[in-house]
Amino acid sequence: MLMRTKSSGTDAKTGGIALQNLQKTYGGVAAVDDVSLSVSPGEFISLLGPSGSGKTTTLMMIAGFELPDSGRVLLDEKDITRLPPHRRELGVIFQNYALFPHMTVAENVAYPLRMRRVAKAQVEERVRRVLDQVHLGALASRRPHQMSGGQQQRVAIARALVFDPPVLLLDEPLGALDKKLREHLRGEIKTLHREVGKTMVYVTHDQDEALAMSDRVAVMHEGRIRQVSAPQDLYRRPADLFVAGFVGEVNLVPVKLTSGSAYGPAGEKLPAATWPDADRDATLCVRPEHLHLDTSVAAASHGIQGRIVGRTFVGDATIFEFRSNSGLQLTSKVLNISAESLPDTGVSCAASWAATDATILTE
Ligand SMILES: Nc1ncnc2c1ncn2[C@@H]1O[C@H](COP(=O)(O)OP(=O)(O)O)[C@@H](O)[C@H]1O
Ligand SMILES: [Mg+2]
């Protein structure tokens, strides 16, 4: 088998992936349903979705561990749909590390090179370099059980990088670690991505992780991709109700659209950007941080009238539950920036938001 001889993985021209109408059914249920996706060379893309949404199955079809019922997988425009995993030359990193317990760190990392019959001197050089890249140079002679979960996961990443694949596939690689360590390693993987310039396809059910790390995020639900967008667009302009509810917190208000305005369940006019005239039912989405509660006297004359029915301190912010006089239940999030005392439960107030912060969804 040919080794990729380029010493640097920063060649931005390789590592492009195209998924075309991938279909995979288990026992009559579609695990992956007509998934199409293009990933540019060097891009960091996440597959984000709840458990069972088809993320792992999609990744395993890219890796070659699962065969699609129909559809194609292309790597740099070459059809690899039926190529066995070891001939795809893709780096795969699983949640459970899958290290060899009886081998040292260096031996674990060297394994893919030995399988490829790379010369000994070259193996040593490459193992040393890749261990330095993941900050494990000093621990080369340890065994997996002598290391923390975070260190073991770095070994798994080094082992996937060592044969210089154009693409790394990562399936919930931080899922087994605690929150602080996850956030730390998130940053390290991002830095590594910048340094090695490889295409990364990253599976996670953690929206924070996906938003923080990715160039683009593909949101999956019930085997389908619902939206593919840059993190900011995903959050600010969700394409449908599932995405709006899955990525971040959101207030969903059933509305009627009439002559360019949106009316709530009790007929109250709600702030929203204008759209073509068409009478129909829809849902208005507004993020809690965009919903303002005004308790001043002046508030009695504008906004949606109601009162605060709940208040929760969560450290960096306070979450208010608001109920309008018409029965609308809304959540507002206020950052705890000042030490000023915040309004209490029972206080009358008016809720409002900028029309441009509301998204109207019709599906
Ligand atoms: N080998 C399998 N046999 C039967 N059903 C499977 C198999 N692998 C996955 N599934 C089913 O396919 C769906 C998608 O699974 P998966 O891709 O693992 O989701 P995710 O990674 O998003 O949690 C789930 O309903 C799961 O139960
Ligand atoms: Mg999975």
# chains A, B, ... in the order shown; residues from 1 in each chain; ligands from 1

$ select_by_dssp --residues "stretch 199-343 of chain A" --states "strand (DSSP E)" --output "PyMOL selection string"
chain A and resi 199-204+216-221+224-229+251-258+261-263+269-270+280-286+292-294+304-313+317-324+329-335

$ residues_near_ligand --ligand "ligand 2" --cutoff "9 Å" --atoms "only C-alpha atoms and all ligand atoms" --output "list in words"
Pro50, Ser51, Gly52, Ser53, Gly54, Lys55, Thr56, Thr57, Leu59, Asp171, Glu172, Val203, Thr204 and His205 of chain A

$ write_last_selection --atoms "C-alpha atoms" --output "mmCIF file, in the first residue's frame"
data_model
loop_
_atom_site.group_PDB
_atom_site.id
_atom_site.type_symbol
_atom_site.label_atom_id
_atom_site.label_comp_id
_atom_site.auth_asym_id
_atom_site.auth_seq_id
_atom_site.Cartn_x
_atom_site.Cartn_y
_atom_site.Cartn_z
ATOM 1 C CA PRO A 50 -29.845 13.832 19.583
ATOM 2 C CA SER A 51 -29.049 10.211 20.348
ATOM 3 C CA GLY A 52 -30.290 7.909 17.583
ATOM 4 C CA SER A 53 -30.420 10.608 14.892
ATOM 5 C CA GLY A 54 -28.000 8.763 12.584
ATOM 6 C CA LYS A 55 -24.698 10.546 13.282
ATOM 7 C CA THR A 56 -22.576 7.470 13.979
ATOM 8 C CA THR A 57 -24.099 5.518 11.094
ATOM 9 C CA LEU A 59 -19.679 8.559 10.070
ATOM 10 C CA ASP A 171 -17.217 10.122 17.064
ATOM 11 C CA GLU A 172 -18.050 11.879 20.353
ATOM 12 C CA VAL A 203 -19.913 13.777 15.717
ATOM 13 C CA THR A 204 -21.495 15.189 18.863
ATOM 14 C CA HIS A 205 -24.858 15.552 20.601
#

$ residues_around --residues "stretch 307-318 of chain A" --least-positions-apart "3" --cutoff "9 Å" --atoms "only C-alpha atoms" --output "PyMOL selection string"
chain A and resi 293+295+321-325+332-337+342-351

$ select_by_dssp --residues "stretch 138-331 of chain A" --states "alpha helix (DSSP H)" --output "PyMOL selection string"
chain A and resi 149-161+179-196+207-213+231-236+241-246

$ closest_atom_pairs --of "stretch 287-358 of chain A" --to "stretch 248-257 of chain A" --cutoff "12 Å" --atoms "only C-alpha atoms" --output "JSON lines"
{"residue": "A:Arg287", "atom": "CA", "partner": "A:Val250", "partner_atom": "CA", "distance": 4.6}
{"residue": "A:Pro288", "atom": "CA", "partner": "A:Val250", "partner_atom": "CA", "distance": 6.2}
{"residue": "A:Glu289", "atom": "CA", "partner": "A:Glu249", "partner_atom": "CA", "distance": 9.1}
{"residue": "A:His290", "atom": "CA", "partner": "A:Val250", "partner_atom": "CA", "distance": 9.8}
{"residue": "A:Leu291", "atom": "CA", "partner": "A:Asn251", "partner_atom": "CA", "distance": 9.0}
{"residue": "A:Ile319", "atom": "CA", "partner": "A:Glu249", "partner_atom": "CA", "distance": 11.3}
{"residue": "A:Glu321", "atom": "CA", "partner": "A:Asn251", "partner_atom": "CA", "distance": 10.9}
{"residue": "A:Phe322", "atom": "CA", "partner": "A:Asn251", "partner_atom": "CA", "distance": 11.1}
{"residue": "A:Gly327", "atom": "CA", "partner": "A:Val253", "partner_atom": "CA", "distance": 11.4}
{"residue": "A:Leu328", "atom": "CA", "partner": "A:Val253", "partner_atom": "CA", "distance": 8.0}
{"residue": "A:Gln329", "atom": "CA", "partner": "A:Asn251", "partner_atom": "CA", "distance": 8.6}
{"residue": "A:Leu330", "atom": "CA", "partner": "A:Asn251", "partner_atom": "CA", "distance": 6.1}
{"residue": "A:Thr331", "atom": "CA", "partner": "A:Asn251", "partner_atom": "CA", "distance": 6.6}
{"residue": "A:Ser332", "atom": "CA", "partner": "A:Asn251", "partner_atom": "CA", "distance": 8.8}
{"residue": "A:Lys333", "atom": "CA", "partner": "A:Glu249", "partner_atom": "CA", "distance": 9.8}
{"residue": "A:Trp353", "atom": "CA", "partner": "A:Asn251", "partner_atom": "CA", "distance": 11.5}
{"residue": "A:Asp357", "atom": "CA", "partner": "A:Val250", "partner_atom": "CA", "distance": 11.5}
{"residue": "A:Ala358", "atom": "CA", "partner": "A:Asn251", "partner_atom": "CA", "distance": 9.8}

$ closest_residue --among "A:Leu136, A:Val196, A:Val127, A:Met220" --to "ligand 1" --atoms "only C-alpha atoms and all ligand atoms"
A:Met220

$ residues_around --residues "A:Asp33" --least-positions-apart "5" --cutoff "12 Å" --atoms "only C-alpha atoms" --output "list in words"
Leu19, Gln20, Asn21, Leu22, Gln23, Lys24, Thr25, Tyr26, Gly28, Ser53, Gly54, Lys55, Thr57, Thr58, Pro68, Asp69, Ser70, Gly71, Met220, His221, Glu222, Gly223, Arg224, Ile225 and Arg226 of chain A

$ write_last_selection --atoms "C-alpha atoms" --output "compact mmCIF listing (two decimals), in the first residue's frame"
# COMPACT_ATOMS: atom_id res chain seq x y z
CA LEU A 19 -22.00 12.24 0.58
CA GLN A 20 -24.65 11.63 -2.06
CA ASN A 21 -28.14 10.44 -1.07
CA LEU A 22 -26.89 8.02 1.57
CA GLN A 23 -29.49 5.56 2.79
CA LYS A 24 -29.10 2.97 5.54
CA THR A 25 -31.95 0.95 6.97
CA TYR A 26 -31.90 -1.41 9.96
CA GLY A 28 -37.15 -1.51 8.25
CA SER A 53 -30.42 10.61 14.89
CA GLY A 54 -28.00 8.76 12.58
CA LYS A 55 -24.70 10.55 13.28
CA THR A 57 -24.10 5.52 11.09
CA THR A 58 -23.24 8.39 8.74
CA PRO A 68 -24.98 2.18 2.61
CA ASP A 69 -28.06 0.51 1.08
CA SER A 70 -27.83 3.16 -1.61
CA GLY A 71 -26.02 6.41 -2.27
CA MET A 220 -29.45 15.68 12.14
CA HIS A 221 -32.83 14.40 13.26
CA GLU A 222 -34.35 10.98 12.56
CA GLY A 223 -31.73 10.12 9.97
CA ARG A 224 -32.03 13.33 8.01
CA ILE A 225 -29.97 16.49 7.81
CA ARG A 226 -32.25 19.37 8.75

$ closest_atom_pairs --of "stretch 34-113 of chain A" --to "stretch 137-158 of chain A" --cutoff "7 Å" --atoms "only C-alpha atoms" --output "Markdown table"
| residue | atom | partner | partner_atom | distance |
| --- | --- | --- | --- | --- |
| A:Ile93 | CA | A:Ala156 | CA | 6.3 |
| A:Tyr97 | CA | A:Gln153 | CA | 5.6 |
| A:Leu99 | CA | A:Ala156 | CA | 6.8 |
| A:Pro101 | CA | A:Pro144 | CA | 5.8 |
| A:His102 | CA | A:Arg143 | CA | 7.0 |
| A:Met103 | CA | A:Arg143 | CA | 6.2 |
| A:Thr104 | CA | A:Arg143 | CA | 4.4 |
| A:Val105 | CA | A:Ala140 | CA | 5.0 |
| A:Ala106 | CA | A:Ala140 | CA | 4.9 |
| A:Val109 | CA | A:Ala158 | CA | 6.2 |

$ atom_distance --atom1 "atom CA of A:Ala239" --atom2 "atom CA of A:Ala273"
15.8 Å

$ residues_around --residues "A:Lys78" --least-positions-apart "6" --cutoff "10 Å" --atoms "only C-alpha atoms" --output "list of chain:residue names"
A:Gly16, A:Ile17, A:Ala18

$ atom_distance --atom1 "atom CA of A:Asp132" --atom2 "atom CA of A:Leu181"
19.4 Å

$ closest_residue --among "A:Ser38, A:Gln207, A:Ser214, A:Gln305" --to "A:Lys190" --atoms "only C-alpha atoms"
A:Ser214

$ closest_residue --among "A:Glu107, A:Glu363, A:Asp178, A:Asp206" --to "ligand 1" --atoms "only C-alpha atoms and all ligand atoms"
A:Asp206

$ atom_distance --atom1 "atom CA of A:Thr283" --atom2 "atom CA of A:Thr359"
8.2 Å

$ residues_around --residues "A:Ile80" --least-positions-apart "5" --cutoff "10 Å" --atoms "only C-alpha atoms" --output "ChimeraX atom specification"
/A:61-64,72-75,85,87-88

$ residues_around --residues "A:Arg186" --least-positions-apart "4" --cutoff "9 Å" --atoms "only C-alpha atoms" --output "NGL selection string"
:A and (174 or 181-182 or 190-191 or 209 or 212-213)

$ write_last_selection --atoms "N, CA, C and O atoms" --output "CSV table (one decimal), in the first residue's frame"
chain,number,residue,atom,x,y,z
A,174,LEU,N,-15.0,13.3,23.1
A,174,LEU,CA,-14.9,13.8,24.5
A,174,LEU,C,-16.0,13.4,25.4
A,174,LEU,O,-16.1,13.8,26.5
A,181,LEU,N,-12.6,19.2,31.5
A,181,LEU,CA,-11.6,18.6,30.6
A,181,LEU,C,-12.1,18.6,29.2
A,181,LEU,O,-11.4,18.9,28.3
A,182,ARG,N,-13.4,18.4,29.0
A,182,ARG,CA,-14.0,18.5,27.7
A,182,ARG,C,-13.8,19.8,27.1
A,182,ARG,O,-13.4,19.9,25.9
A,190,LYS,N,-9.3,22.0,18.4
A,190,LYS,CA,-9.5,23.2,17.5
A,190,LYS,C,-8.1,23.7,17.0
A,190,LYS,O,-7.9,24.0,15.9
A,191,THR,N,-7.2,23.8,18.0
A,191,THR,CA,-5.8,24.3,17.7
A,191,THR,C,-5.1,23.3,16.8
A,191,THR,O,-4.5,23.7,15.8
A,209,GLU,N,-20.4,22.2,22.0
A,209,GLU,CA,-19.2,21.7,21.4
A,209,GLU,C,-19.3,22.0,19.9
A,209,GLU,O,-18.3,22.5,19.3
A,212,ALA,N,-18.9,25.7,19.1
A,212,ALA,CA,-17.6,26.3,19.5
A,212,ALA,C,-16.5,25.9,18.5
A,212,ALA,O,-15.6,26.6,18.3
A,213,MET,N,-16.6,24.7,18.0
A,213,MET,CA,-15.5,24.1,17.2
A,213,MET,C,-15.6,24.2,15.7
A,213,MET,O,-14.6,24.2,15.0

$ closest_residue --among "A:Glu66, A:Glu89, A:Glu43, A:Asp34" --to "ligand 1" --atoms "only C-alpha atoms and all ligand atoms"
A:Glu66

$ closest_residue --among "A:Gln232, A:Ala218, A:Lys120, A:Ala355" --to "ligand 1" --atoms "only C-alpha atoms and all ligand atoms"
A:Ala218

$ closest_residue --among "A:Ile189, A:Val228, A:Leu169, A:Leu48" --to "ligand 1" --atoms "only C-alpha atoms and all ligand atoms"
A:Leu48
